[in-house]
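Q: The structure's right below; bear with me while I get my questions together.
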Amino acid sequence: MRPDTRKLLTTGLAIFLTGAIAAALALTVFGGIGRQGPHTNSGWLALMLAMGCLPTGTLTLLLAVAKLNADRRR
C-alpha cells in the first residue's frame, strides 16, 4: 500500500469514528435527542460534531477505497 493511500484511509477512519462516537454520546450520555433536538448543550455540540464528521469521514473513506482499488490494478 502506498503511503498516501494509507494516510487517506487513516484520516477518513479517524474522522468517521469521531463522528460516530459523538453521535453515540449525544444519544446516550448527553441526555438523548427528542422531537425538538438534544436536551443539553453538550448534546447539541456532540450533534453538530457528528453532523460535520460523519459525511466528511464517509466521503474520505470512499475516496481512499477508490484509490486503494486503483493502486491494486496497477
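To be explicit about the labels: the chains of the C-alpha cells are called A, B, and onward in the order shown, and within each one the residues are counted from 1, while ligands get numbers from 1 in the order they are shown.
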Please list as a count of residues only every residue within 12 Å of Phe30 in chain A, counting only C-alpha atoms and excluding residues in the same chain fewer than 6 positions away.

A: 15

Q: Identify which of the residues A:Gly32, A:Gly52, A:Gly57, A:Pro3 lies closest to Leu17 in chain A, counting only C-alpha atoms when measuring atom-to-atom distances.

A: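 Residue with the minimum atom-to-atom distance to Leu17 in chain A: A:Gly57.
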
Q: Show which residues sit within 9 Å of Thr56 in chain A, as a PDB file with N, CA and C atoms, in the first residue's frame. Count only C-alpha atoms, and ignore same-chain residues fewer than 5 positions away.

A:
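Contents of out.pdb, freshly written:
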```
ATOM      1  N   GLY A  12      -9.596   9.253   7.015  1.00  0.00           N
ATOM      2  CA  GLY A  12     -11.030   9.018   6.841  1.00  0.00           C
ATOM      3  C   GLY A  12     -11.618   8.218   7.986  1.00  0.00           C
ATOM      4  N   ILE A  15     -11.803  10.488  11.167  1.00  0.00           N
ATOM      5  CA  ILE A  15     -12.892  11.464  11.103  1.00  0.00           C
ATOM      6  C   ILE A  15     -14.235  10.764  11.283  1.00  0.00           C
ATOM      7  N   PHE A  16     -14.413   9.626  10.611  1.00  0.00           N
ATOM      8  CA  PHE A  16     -15.680   8.903  10.718  1.00  0.00           C
ATOM      9  C   PHE A  16     -15.926   8.398  12.138  1.00  0.00           C
ATOM     10  N   MET A  51     -22.682  15.721  12.823  1.00  0.00           N
ATOM     11  CA  MET A  51     -23.198  16.143  11.521  1.00  0.00           C
ATOM     12  C   MET A  51     -22.081  16.639  10.598  1.00  0.00           C
ATOM     13  N   LEU A  61     -13.369   8.188   3.281  1.00  0.00           N
ATOM     14  CA  LEU A  61     -13.182   6.733   3.202  1.00  0.00           C
ATOM     15  C   LEU A  61     -13.500   6.210   1.807  1.00  0.00           C
TER      16      LEU A  61
END
```

Q: Nearest residue to Arg73 in chain A out of A:Met1, A:Leu8, A:Thr18, A:Leu27, using only C-alpha atoms?

A: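 Nearest to Arg73 in chain A: A:Met1.
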
Q: For a quick check of understanding, using only C-alpha atoms, which of A:Leu59, A:Ile33, A:Ala70, A:Cys53 has the smallest distance to Leu9 in chain A?

A: A:Leu59
